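Heads up, query_14.pdb below (PDB, C-alpha atoms, pLDDT in the B column):
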ATOM      1  CA  ALA A   1       4.576 -11.339  12.606  1.00 73.00           C
ATOM      2  CA  GLN A   2       4.696  -7.641  11.915  1.00 80.00           C
ATOM      3  CA  SER A   3       2.290  -4.863  12.858  1.00 87.00           C
ATOM      4  CA  VAL A   4       2.112  -1.101  12.478  1.00 93.00           C
ATOM      5  CA  THR A   5       0.346   1.493  14.607  1.00 95.00           C
ATOM      6  CA  GLN A   6      -0.217   5.006  13.355  1.00 96.00           C
ATOM      7  CA  LEU A   7      -1.219   7.333  16.145  1.00 93.00           C
ATOM      8  CA  GLY A   8      -3.975   9.686  15.059  1.00 92.00           C
ATOM      9  CA  SER A   9      -6.313   8.953  12.173  1.00 93.00           C
ATOM     10  CA  HIS A  10      -6.422  12.700  11.432  1.00 96.00           C
ATOM     11  CA  VAL A  11      -3.732  15.332  11.951  1.00 97.00           C
ATOM     12  CA  SER A  12      -4.339  19.011  11.269  1.00 97.00           C
ATOM     13  CA  VAL A  13      -1.550  21.588  10.940  1.00 97.00           C
ATOM     14  CA  SER A  14      -1.334  25.133   9.651  1.00 97.00           C
ATOM     15  CA  GLU A  15       0.429  25.902   6.407  1.00 97.00           C
ATOM     16  CA  GLY A  16       4.099  26.514   7.183  1.00 97.00           C
ATOM     17  CA  ALA A  17       4.003  24.570  10.456  1.00 98.00           C
ATOM     18  CA  LEU A  18       5.881  21.386  11.329  1.00 98.00           C
ATOM     19  CA  VAL A  19       4.321  18.128  10.199  1.00 98.00           C
ATOM     20  CA  LEU A  20       4.753  15.098  12.485  1.00 98.00           C
ATOM     21  CA  LEU A  21       3.059  11.801  11.668  1.00 98.00           C
ATOM     22  CA  ARG A  22       3.697   8.993  14.124  1.00 98.00           C
ATOM     23  CA  CYS A  23       4.390   5.361  13.322  1.00 97.00           C
ATOM     24  CA  ASN A  24       5.296   2.551  15.708  1.00 96.00           C
ATOM     25  CA  TYR A  25       6.011  -0.932  14.515  1.00 94.00           C
ATOM     26  CA  SER A  26       6.315  -4.416  15.873  1.00 89.00           C
ATOM     27  CA  SER A  27       8.527  -6.939  14.150  1.00 81.00           C
ATOM     28  CA  SER A  28      10.184 -10.185  15.175  1.00 75.00           C
ATOM     29  CA  VAL A  29      13.057  -9.517  12.776  1.00 75.00           C
ATOM     30  CA  PRO A  30      14.960  -6.339  11.861  1.00 76.00           C
ATOM     31  CA  PRO A  31      12.374  -4.415   9.896  1.00 83.00           C
ATOM     32  CA  TYR A  32      12.276  -2.621   6.610  1.00 88.00           C
ATOM     33  CA  LEU A  33       9.996   0.393   6.915  1.00 92.00           C
ATOM     34  CA  PHE A  34       8.202   2.525   4.365  1.00 94.00           C
ATOM     35  CA  TRP A  35       6.102   5.656   4.212  1.00 97.00           C
ATOM     36  CA  TYR A  36       3.626   6.029   1.360  1.00 97.00           C
ATOM     37  CA  VAL A  37       1.327   8.911   0.417  1.00 97.00           C
ATOM     38  CA  GLN A  38      -2.089   8.568  -1.210  1.00 95.00           C
ATOM     39  CA  TYR A  39      -4.050  11.358  -2.844  1.00 93.00           C
ATOM     40  CA  PRO A  40      -7.837  10.921  -3.223  1.00 88.00           C
ATOM     41  CA  ASN A  41      -8.859   8.053  -5.503  1.00 83.00           C
ATOM     42  CA  GLN A  42      -5.268   7.317  -6.477  1.00 89.00           C
ATOM     43  CA  GLY A  43      -2.706   4.631  -5.782  1.00 91.00           C
ATOM     44  CA  LEU A  44       0.104   4.890  -3.259  1.00 93.00           C
ATOM     45  CA  GLN A  45       3.376   6.691  -3.926  1.00 95.00           C
ATOM     46  CA  LEU A  46       6.549   5.956  -2.002  1.00 94.00           C
ATOM     47  CA  LEU A  47       7.838   8.847   0.117  1.00 96.00           C
ATOM     48  CA  LEU A  48      10.837   7.113   1.677  1.00 95.00           C
ATOM     49  CA  LYS A  49      12.148   3.798   2.973  1.00 92.00           C
ATOM     50  CA  TYR A  50      14.419   2.500   5.727  1.00 92.00           C
ATOM     51  CA  THR A  51      16.467  -0.577   4.893  1.00 85.00           C
ATOM     52  CA  SER A  52      18.984  -0.781   7.778  1.00 79.00           C
ATOM     53  CA  ALA A  53      21.399   1.813   6.424  1.00 77.00           C
ATOM     54  CA  ALA A  54      21.230   5.376   7.793  1.00 85.00           C
ATOM     55  CA  THR A  55      18.682   5.854  10.557  1.00 89.00           C
ATOM     56  CA  LEU A  56      17.662   9.280   9.240  1.00 95.00           C
ATOM     57  CA  VAL A  57      16.044   8.843   5.864  1.00 95.00           C
ATOM     58  CA  LYS A  58      15.260  11.649   3.475  1.00 95.00           C
ATOM     59  CA  GLY A  59      12.465  11.309   0.984  1.00 95.00           C
ATOM     60  CA  ILE A  60      10.631  13.235  -1.665  1.00 94.00           C
ATOM     61  CA  ASN A  61       8.731  16.499  -1.204  1.00 94.00           C
ATOM     62  CA  GLY A  62      10.872  17.527   1.789  1.00 96.00           C
ATOM     63  CA  PHE A  63       9.812  14.665   4.054  1.00 97.00           C
ATOM     64  CA  GLU A  64      12.144  12.700   6.270  1.00 97.00           C
ATOM     65  CA  ALA A  65      11.846   9.983   8.889  1.00 97.00           C
ATOM     66  CA  GLU A  66      14.055   8.710  11.681  1.00 95.00           C
ATOM     67  CA  PHE A  67      14.306   5.052  12.640  1.00 94.00           C
ATOM     68  CA  LYS A  68      14.577   4.612  16.415  1.00 93.00           C
ATOM     69  CA  LYS A  69      15.029   0.980  17.353  1.00 90.00           C
ATOM     70  CA  SER A  70      14.770   1.604  21.105  1.00 91.00           C
ATOM     71  CA  GLU A  71      11.378   3.232  20.607  1.00 93.00           C
ATOM     72  CA  THR A  72      10.303   0.957  17.715  1.00 93.00           C
ATOM     73  CA  SER A  73       9.312   4.120  15.895  1.00 95.00           C
ATOM     74  CA  PHE A  74       9.615   5.565  12.398  1.00 96.00           C
ATOM     75  CA  HIS A  75       7.947   8.971  12.600  1.00 98.00           C
ATOM     76  CA  LEU A  76       7.535  11.102   9.473  1.00 98.00           C
ATOM     77  CA  THR A  77       8.327  14.817   9.593  1.00 98.00           C
ATOM     78  CA  LYS A  78       8.423  17.860   7.356  1.00 98.00           C
ATOM     79  CA  PRO A  79       9.648  21.244   8.637  1.00 97.00           C
ATOM     80  CA  SER A  80       7.093  23.369   6.826  1.00 97.00           C
ATOM     81  CA  ALA A  81       3.700  22.138   5.621  1.00 97.00           C
ATOM     82  CA  HIS A  82       2.370  23.064   2.209  1.00 96.00           C
ATOM     83  CA  MET A  83      -1.217  22.903   1.038  1.00 96.00           C
ATOM     84  CA  SER A  84      -0.226  20.224  -1.477  1.00 95.00           C
ATOM     85  CA  ASP A  85       0.786  17.910   1.405  1.00 96.00           C
ATOM     86  CA  ALA A  86      -2.868  17.282   2.250  1.00 97.00           C
ATOM     87  CA  ALA A  87      -3.313  13.545   1.696  1.00 96.00           C
ATOM     88  CA  GLU A  88      -3.475  10.145   3.403  1.00 96.00           C
ATOM     89  CA  TYR A  89      -0.190   8.791   4.708  1.00 97.00           C
ATOM     90  CA  PHE A  90       0.574   5.143   5.366  1.00 96.00           C
ATOM     91  CA  CYS A  91       3.402   3.584   7.287  1.00 96.00           C
ATOM     92  CA  ALA A  92       4.272   0.000   6.343  1.00 93.00           C
ATOM     93  CA  VAL A  93       6.652  -2.680   7.561  1.00 90.00           C
ATOM     94  CA  ARG A  94       8.166  -5.694   5.934  1.00 84.00           C
ATOM     95  CA  GLY A  95      10.157  -8.312   7.810  1.00 67.00           C
ATOM     96  CA  SER A  96      13.649  -8.994   6.564  1.00 59.00           C
ATOM     97  CA  GLY A  97      13.212 -12.744   6.479  1.00 55.00           C
ATOM     98  CA  GLY A  98      13.087 -12.792   2.725  1.00 52.00           C
ATOM     99  CA  GLY A  99      10.287 -13.837   0.443  1.00 52.00           C
ATOM    100  CA  ALA A 100       7.837 -11.746  -1.502  1.00 52.00           C
ATOM    101  CA  ASP A 101       5.068 -11.425   1.051  1.00 63.00           C
ATOM    102  CA  GLY A 102       3.183  -8.179   1.070  1.00 74.00           C
ATOM    103  CA  LEU A 103       3.719  -5.249   3.343  1.00 85.00           C
ATOM    104  CA  THR A 104       1.818  -4.793   6.601  1.00 88.00           C
ATOM    105  CA  PHE A 105       0.237  -1.344   6.608  1.00 91.00           C
ATOM    106  CA  GLY A 106      -0.946   0.947   9.343  1.00 93.00           C
ATOM    107  CA  LYS A 107      -4.488   2.265   9.119  1.00 94.00           C
ATOM    108  CA  GLY A 108      -3.332   5.587   7.754  1.00 95.00           C
ATOM    109  CA  THR A 109      -3.249   9.198   8.901  1.00 96.00           C
ATOM    110  CA  HIS A 110      -5.213  11.855   7.053  1.00 96.00           C
ATOM    111  CA  LEU A 111      -3.163  15.059   6.993  1.00 97.00           C
ATOM    112  CA  ILE A 112      -5.186  18.277   6.863  1.00 97.00           C
ATOM    113  CA  ILE A 113      -3.469  21.574   6.084  1.00 97.00           C
ATOM    114  CA  GLN A 114      -5.148  24.712   7.384  1.00 96.00           C
ATOM    115  CA  PRO A 115      -4.521  27.895   5.373  1.00 93.00           C
TER     116      PRO A 115
ATOM    117  CA  ASP B   1       6.529   5.086 -19.636  1.00 63.00           C
ATOM    118  CA  GLY B   2       6.811   2.118 -17.301  1.00 70.00           C
ATOM    119  CA  GLY B   3       4.094   1.592 -14.763  1.00 93.00           C
ATOM    120  CA  ILE B   4       1.098  -0.308 -13.529  1.00 96.00           C
ATOM    121  CA  THR B   5      -2.340   0.011 -15.038  1.00 96.00           C
ATOM    122  CA  GLN B   6      -5.601  -1.091 -13.491  1.00 97.00           C
ATOM    123  CA  SER B   7      -8.937  -1.248 -15.212  1.00 94.00           C
ATOM    124  CA  PRO B   8     -11.643  -0.300 -14.941  1.00 94.00           C
ATOM    125  CA  LYS B   9     -11.313   2.693 -12.630  1.00 94.00           C
ATOM    126  CA  TYR B  10     -14.891   2.259 -11.414  1.00 95.00           C
ATOM    127  CA  LEU B  11     -16.871  -0.978 -11.425  1.00 94.00           C
ATOM    128  CA  PHE B  12     -20.419  -1.698 -10.378  1.00 93.00           C
ATOM    129  CA  ARG B  13     -21.637  -5.180  -9.654  1.00 90.00           C
ATOM    130  CA  LYS B  14     -24.935  -6.727  -8.764  1.00 90.00           C
ATOM    131  CA  GLU B  15     -25.064  -9.112  -5.860  1.00 87.00           C
ATOM    132  CA  GLY B  16     -24.298 -12.677  -6.908  1.00 87.00           C
ATOM    133  CA  GLN B  17     -22.111 -11.716  -9.874  1.00 91.00           C
ATOM    134  CA  ASN B  18     -18.434 -12.450 -10.294  1.00 93.00           C
ATOM    135  CA  VAL B  19     -16.267  -9.611 -11.577  1.00 95.00           C
ATOM    136  CA  THR B  20     -12.648  -9.495 -12.706  1.00 96.00           C
ATOM    137  CA  LEU B  21     -10.303  -6.599 -12.072  1.00 97.00           C
ATOM    138  CA  SER B  22      -7.385  -6.148 -14.425  1.00 97.00           C
ATOM    139  CA  CYS B  23      -3.801  -5.376 -13.430  1.00 98.00           C
ATOM    140  CA  GLU B  24      -0.964  -5.033 -15.930  1.00 97.00           C
ATOM    141  CA  GLN B  25       2.634  -3.933 -15.378  1.00 97.00           C
ATOM    142  CA  ASN B  26       5.436  -3.212 -17.853  1.00 95.00           C
ATOM    143  CA  LEU B  27       8.143  -2.814 -15.217  1.00 93.00           C
ATOM    144  CA  ASN B  28       9.408  -6.375 -15.673  1.00 93.00           C
ATOM    145  CA  HIS B  29       8.722  -6.992 -11.990  1.00 93.00           C
ATOM    146  CA  ASP B  30       8.636 -10.517 -10.667  1.00 92.00           C
ATOM    147  CA  ALA B  31       6.190 -10.114  -7.805  1.00 93.00           C
ATOM    148  CA  MET B  32       2.659  -8.789  -7.944  1.00 95.00           C
ATOM    149  CA  TYR B  33       0.142  -8.121  -5.174  1.00 95.00           C
ATOM    150  CA  TRP B  34      -3.529  -7.337  -4.629  1.00 96.00           C
ATOM    151  CA  TYR B  35      -4.689  -5.240  -1.688  1.00 95.00           C
ATOM    152  CA  ARG B  36      -8.088  -4.196  -0.501  1.00 96.00           C
ATOM    153  CA  GLN B  37      -8.561  -0.757   1.063  1.00 94.00           C
ATOM    154  CA  ASP B  38     -11.497   0.170   3.263  1.00 93.00           C
ATOM    155  CA  PRO B  39     -11.967   3.564   4.970  1.00 86.00           C
ATOM    156  CA  GLY B  40     -10.011   3.714   8.210  1.00 82.00           C
ATOM    157  CA  GLN B  41      -8.663   0.190   7.717  1.00 84.00           C
ATOM    158  CA  GLY B  42      -5.479   0.714   5.767  1.00 87.00           C
ATOM    159  CA  LEU B  43      -4.544  -1.858   3.123  1.00 91.00           C
ATOM    160  CA  ARG B  44      -4.977  -5.585   3.541  1.00 91.00           C
ATOM    161  CA  LEU B  45      -3.252  -8.205   1.408  1.00 91.00           C
ATOM    162  CA  ILE B  46      -5.512 -10.479  -0.646  1.00 94.00           C
ATOM    163  CA  TYR B  47      -3.113 -12.493  -2.833  1.00 95.00           C
ATOM    164  CA  TYR B  48       0.429 -12.260  -4.104  1.00 94.00           C
ATOM    165  CA  SER B  49       2.519 -13.950  -6.755  1.00 94.00           C
ATOM    166  CA  GLN B  50       6.277 -14.254  -7.084  1.00 91.00           C
ATOM    167  CA  ILE B  51       6.419 -16.131 -10.356  1.00 93.00           C
ATOM    168  CA  VAL B  52       4.250 -17.088 -13.295  1.00 96.00           C
ATOM    169  CA  ASN B  53       1.738 -19.846 -12.569  1.00 96.00           C
ATOM    170  CA  ASP B  54       2.220 -19.575  -8.814  1.00 95.00           C
ATOM    171  CA  PHE B  55       0.471 -17.459  -6.177  1.00 95.00           C
ATOM    172  CA  GLN B  56      -0.163 -17.417  -2.428  1.00 93.00           C
ATOM    173  CA  LYS B  57      -3.045 -16.332  -0.243  1.00 93.00           C
ATOM    174  CA  GLY B  58      -2.693 -13.184   1.791  1.00 90.00           C
ATOM    175  CA  ASP B  59      -4.586 -12.230   4.923  1.00 88.00           C
ATOM    176  CA  ILE B  60      -8.078 -11.958   3.393  1.00 93.00           C
ATOM    177  CA  ALA B  61      -8.188 -14.330   0.401  1.00 95.00           C
ATOM    178  CA  GLU B  62     -11.659 -15.769   1.038  1.00 95.00           C
ATOM    179  CA  GLY B  63     -14.068 -14.905  -1.768  1.00 96.00           C
ATOM    180  CA  TYR B  64     -11.305 -13.930  -4.190  1.00 97.00           C
ATOM    181  CA  SER B  65      -9.321 -15.757  -6.857  1.00 97.00           C
ATOM    182  CA  VAL B  66      -6.329 -14.845  -9.026  1.00 98.00           C
ATOM    183  CA  SER B  67      -4.261 -16.153 -11.911  1.00 97.00           C
ATOM    184  CA  ARG B  68      -0.746 -15.442 -13.125  1.00 98.00           C
ATOM    185  CA  GLU B  69      -0.459 -16.776 -16.661  1.00 97.00           C
ATOM    186  CA  LYS B  70       1.893 -14.005 -17.782  1.00 97.00           C
ATOM    187  CA  LYS B  71       4.570 -12.125 -15.878  1.00 97.00           C
ATOM    188  CA  GLU B  72       2.997  -8.767 -16.627  1.00 97.00           C
ATOM    189  CA  SER B  73      -0.601  -9.634 -15.729  1.00 98.00           C
ATOM    190  CA  PHE B  74      -2.287 -10.525 -12.414  1.00 98.00           C
ATOM    191  CA  PRO B  75      -6.102 -10.324 -12.652  1.00 98.00           C
ATOM    192  CA  LEU B  76      -8.263 -10.551  -9.549  1.00 98.00           C
ATOM    193  CA  THR B  77     -11.726 -12.101  -9.578  1.00 97.00           C
ATOM    194  CA  VAL B  78     -14.161 -11.075  -6.884  1.00 96.00           C
ATOM    195  CA  THR B  79     -16.589 -13.956  -6.549  1.00 94.00           C
ATOM    196  CA  SER B  80     -20.125 -14.058  -5.219  1.00 89.00           C
ATOM    197  CA  ALA B  81     -18.699 -15.739  -2.116  1.00 89.00           C
ATOM    198  CA  GLN B  82     -17.148 -12.433  -1.033  1.00 89.00           C
ATOM    199  CA  LYS B  83     -19.731 -11.107   1.417  1.00 88.00           C
ATOM    200  CA  ASN B  84     -18.708  -7.463   1.449  1.00 91.00           C
ATOM    201  CA  PRO B  85     -16.875  -6.673  -1.787  1.00 93.00           C
ATOM    202  CA  THR B  86     -17.444  -2.910  -1.939  1.00 95.00           C
ATOM    203  CA  ALA B  87     -13.971  -1.421  -1.548  1.00 96.00           C
ATOM    204  CA  PHE B  88     -11.019   0.194  -3.311  1.00 95.00           C
ATOM    205  CA  TYR B  89      -8.696  -2.422  -4.824  1.00 97.00           C
ATOM    206  CA  LEU B  90      -5.016  -1.735  -5.372  1.00 96.00           C
ATOM    207  CA  CYS B  91      -2.546  -3.755  -7.389  1.00 96.00           C
ATOM    208  CA  ALA B  92       1.201  -3.500  -6.770  1.00 95.00           C
ATOM    209  CA  SER B  93       4.394  -4.990  -8.134  1.00 94.00           C
ATOM    210  CA  LYS B  94       7.991  -5.298  -7.018  1.00 91.00           C
ATOM    211  CA  SER B  95      11.319  -6.455  -8.350  1.00 87.00           C
ATOM    212  CA  LEU B  96      12.830  -9.363  -6.432  1.00 82.00           C
ATOM    213  CA  SER B  97      16.401  -8.744  -7.538  1.00 80.00           C
ATOM    214  CA  GLY B  98      18.949  -6.388  -6.043  1.00 68.00           C
ATOM    215  CA  ALA B  99      18.536  -4.418  -2.850  1.00 66.00           C
ATOM    216  CA  ILE B 100      15.353  -4.127  -0.824  1.00 68.00           C
ATOM    217  CA  ASN B 101      12.856  -2.753  -3.254  1.00 74.00           C
ATOM    218  CA  GLU B 102       9.630  -0.992  -2.632  1.00 85.00           C
ATOM    219  CA  GLN B 103       6.280  -1.914  -4.081  1.00 90.00           C
ATOM    220  CA  PHE B 104       4.900   0.199  -6.903  1.00 92.00           C
ATOM    221  CA  PHE B 105       1.158   0.749  -6.937  1.00 94.00           C
ATOM    222  CA  GLY B 106      -1.418   1.111  -9.664  1.00 96.00           C
ATOM    223  CA  PRO B 107      -4.153   3.782  -9.575  1.00 95.00           C
ATOM    224  CA  GLY B 108      -6.782   1.435  -8.145  1.00 95.00           C
ATOM    225  CA  THR B 109     -10.252   0.167  -9.015  1.00 96.00           C
ATOM    226  CA  ARG B 110     -13.269   1.191  -6.956  1.00 95.00           C
ATOM    227  CA  LEU B 111     -15.799  -1.628  -6.815  1.00 95.00           C
ATOM    228  CA  THR B 112     -19.353  -0.961  -5.692  1.00 94.00           C
ATOM    229  CA  VAL B 113     -21.953  -3.662  -5.189  1.00 90.00           C
ATOM    230  CA  LEU B 114     -25.458  -2.490  -5.959  1.00 85.00           C
TER     231      LEU B 114
END
As structure tokens, the full file:
Amino acid sequence: AQSVTQLGSHVSVSEGALVLLRCNYSSSVPPYLFWYVQYPNQGLQLLLKYTSAATLVKGINGFEAEFKKSETSFHLTKPSAHMSDAAEYFCAVRGSGGGADGLTFGKGTHLIIQP
Amino acid sequence: DGGITQSPKYLFRKEGQNVTLSCEQNLNHDAMYWYRQDPGQGLRLIYYSQIVNDFQKGDIAEGYSVSREKKESFPLTVTSAQKNPTAFYLCASKSLSGAINEQFFGPGTRLTVL
């Protein structure tokens, strides 16, 4: 079974500062990992995904994430926060055992950008 | 434009009523999913379907039912047996061919029980 832990339900950073959103996963098989962003009252949009290729994954809007197997982590970063980055961010894991089962999501981190 | 549509955007229901949420996709995706989102709880899987006329229960299927009569449609019925149905409901779809593919999400339906 898979599980995801996102440390910090709320993270606040100043505009222009580094964004770091933490995600740790548990999986009995090599995982596939995803970061999604959700703006208020909207669906989820994919930021980036890790599928066992490069451990450093670049996504949209200047975000990137690094897969660290030894730490079972997939933290999301952005060098310089912008006001438009304020949203809810979800980390998700899917086992690589095949099938079409749904993703297991973390509880989300609300990113607040201070002007 | 290809995508996923959900309707209605907002839905109000009286206790004891069944309601059906619509989900349609024109992405030619094989798999479709329903999630429930509650504040501070993330998303939880209700049902999923890989092929027409077949579907499987997710983690919280009790009180819900689905059908998959067409590839592009996957409606969700919230029955009166669902004790706490007020939530934000998200539909997603995914291609099952090729490399590992992400799920694409619709805009959601917010259900409120009065």
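Proximity to A:Ile113 at 12 Å, evaluated using only C-alpha atoms and with sequence-adjacent residues fewer than 6 positions away removed, yields His10, Val11, Ser12, Val13, Ser14, Glu15, Gly16, Ala17, Leu18, Val19, Ser80, Ala81, His82, Met83, Ser84, Asp85, Ala86, Ala87 and Glu88 of chain A.
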Writer output for current selection, C-alpha atoms, as a short mmCIF file (atom, residue, chain, number, x, y, z; two decimals), in the coordinates of the input:
data_model
loop_
_atom_site.label_atom_id
_atom_site.label_comp_id
_atom_site.auth_asym_id
_atom_site.auth_seq_id
_atom_site.Cartn_x
_atom_site.Cartn_y
_atom_site.Cartn_z
CA HIS A 10 -6.42 12.70 11.43
CA VAL A 11 -3.73 15.33 11.95
CA SER A 12 -4.34 19.01 11.27
CA VAL A 13 -1.55 21.59 10.94
CA SER A 14 -1.33 25.13 9.65
CA GLU A 15 0.43 25.90 6.41
CA GLY A 16 4.10 26.51 7.18
CA ALA A 17 4.00 24.57 10.46
CA LEU A 18 5.88 21.39 11.33
CA VAL A 19 4.32 18.13 10.20
CA SER A 80 7.09 23.37 6.83
CA ALA A 81 3.70 22.14 5.62
CA HIS A 82 2.37 23.06 2.21
CA MET A 83 -1.22 22.90 1.04
CA SER A 84 -0.23 20.22 -1.48
CA ASP A 85 0.79 17.91 1.40
CA ALA A 86 -2.87 17.28 2.25
CA ALA A 87 -3.31 13.54 1.70
CA GLU A 88 -3.48 10.14 3.40
#
Using all atoms listed in the file, tabulate the residues of chain A lying at most 6 Å from any atom of chain B, each with its closest atom pair and that distance in Å to one decimal, by chain and increasing residue number, as JSON lines.
{"residue": "A:Gln42", "atom": "CA", "partner": "B:Pro107", "partner_atom": "CA", "distance": 4.8}
{"residue": "A:Gly43", "atom": "CA", "partner": "B:Pro107", "partner_atom": "CA", "distance": 4.1}
{"residue": "A:Leu44", "atom": "CA", "partner": "B:Phe105", "partner_atom": "CA", "distance": 5.6}
{"residue": "A:Phe105", "atom": "CA", "partner": "B:Leu43", "partner_atom": "CA", "distance": 5.9}
{"residue": "A:Gly106", "atom": "CA", "partner": "B:Gly42", "partner_atom": "CA", "distance": 5.8}
{"residue": "A:Lys107", "atom": "CA", "partner": "B:Gly42", "partner_atom": "CA", "distance": 3.8}
{"residue": "A:Gly108", "atom": "CA", "partner": "B:Gly42", "partner_atom": "CA", "distance": 5.7}
Quiz item: Which residues, protein or nucleic acid, reach to within 10 Å of (-14.3, -10.0, -4.4) in the file's coordinates when using only C-alpha atoms, and can you give that as a list of chain:residue names?
Solution: B:Gln17, B:Asn18, B:Val19, B:Thr20, B:Leu21, B:Arg36, B:Ile46, B:Ala61, B:Glu62, B:Gly63, B:Tyr64, B:Ser65, B:Leu76, B:Thr77, B:Val78, B:Thr79, B:Ser80, B:Ala81, B:Gln82, B:Lys83, B:Asn84, B:Pro85, B:Thr86, B:Ala87, B:Tyr89, B:Leu111, B:Val113
Please provide the set of residues having any atom within 10 Å of A:Gly8, restricted to all atoms listed in the file, with same-chain residues fewer than 3 positions apart removed, written as a PDB file with C-alpha atoms, in the frame of the given file.
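The resulting file, result27.pdb, is reproduced below:
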ATOM      1  CA  THR A   5       0.346   1.493  14.607  1.00 95.00           C
ATOM      2  CA  VAL A  11      -3.732  15.332  11.951  1.00 97.00           C
ATOM      3  CA  LEU A  21       3.059  11.801  11.668  1.00 98.00           C
ATOM      4  CA  ARG A  22       3.697   8.993  14.124  1.00 98.00           C
ATOM      5  CA  CYS A  23       4.390   5.361  13.322  1.00 97.00           C
ATOM      6  CA  LYS A 107      -4.488   2.265   9.119  1.00 94.00           C
ATOM      7  CA  GLY A 108      -3.332   5.587   7.754  1.00 95.00           C
ATOM      8  CA  THR A 109      -3.249   9.198   8.901  1.00 96.00           C
ATOM      9  CA  HIS A 110      -5.213  11.855   7.053  1.00 96.00           C
ATOM     10  CA  LEU A 111      -3.163  15.059   6.993  1.00 97.00           C
TER      11      LEU A 111
END
Quiz prompt | Residues near stretch 91-95 of chain A, cut-off 9 Å, only C-alpha atoms, skip fewer than 5 positions along chain, as JSON, numbers by chain | solution = {"A": [1, 2, 3, 4, 5, 6, 22, 23, 24, 25, 26, 27, 28, 29, 30, 31, 32, 33, 34, 35, 36, 37, 74, 75, 76, 101, 102, 103, 104, 105, 106, 107, 108, 109]}
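For the atom pair formed by atom CA of B:Leu114 and atom CA of B:Glu15, the distance is 6.6 Å, given to one decimal.
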Practice problem: Take atom CA of A:Ile112 and atom CA of A:Leu56 and report the distance between them in Å, one decimal. | Solution: 24.7 Å
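Atom CA of A:Leu46 sits 8.5 Å away from atom CA of A:Gly59.
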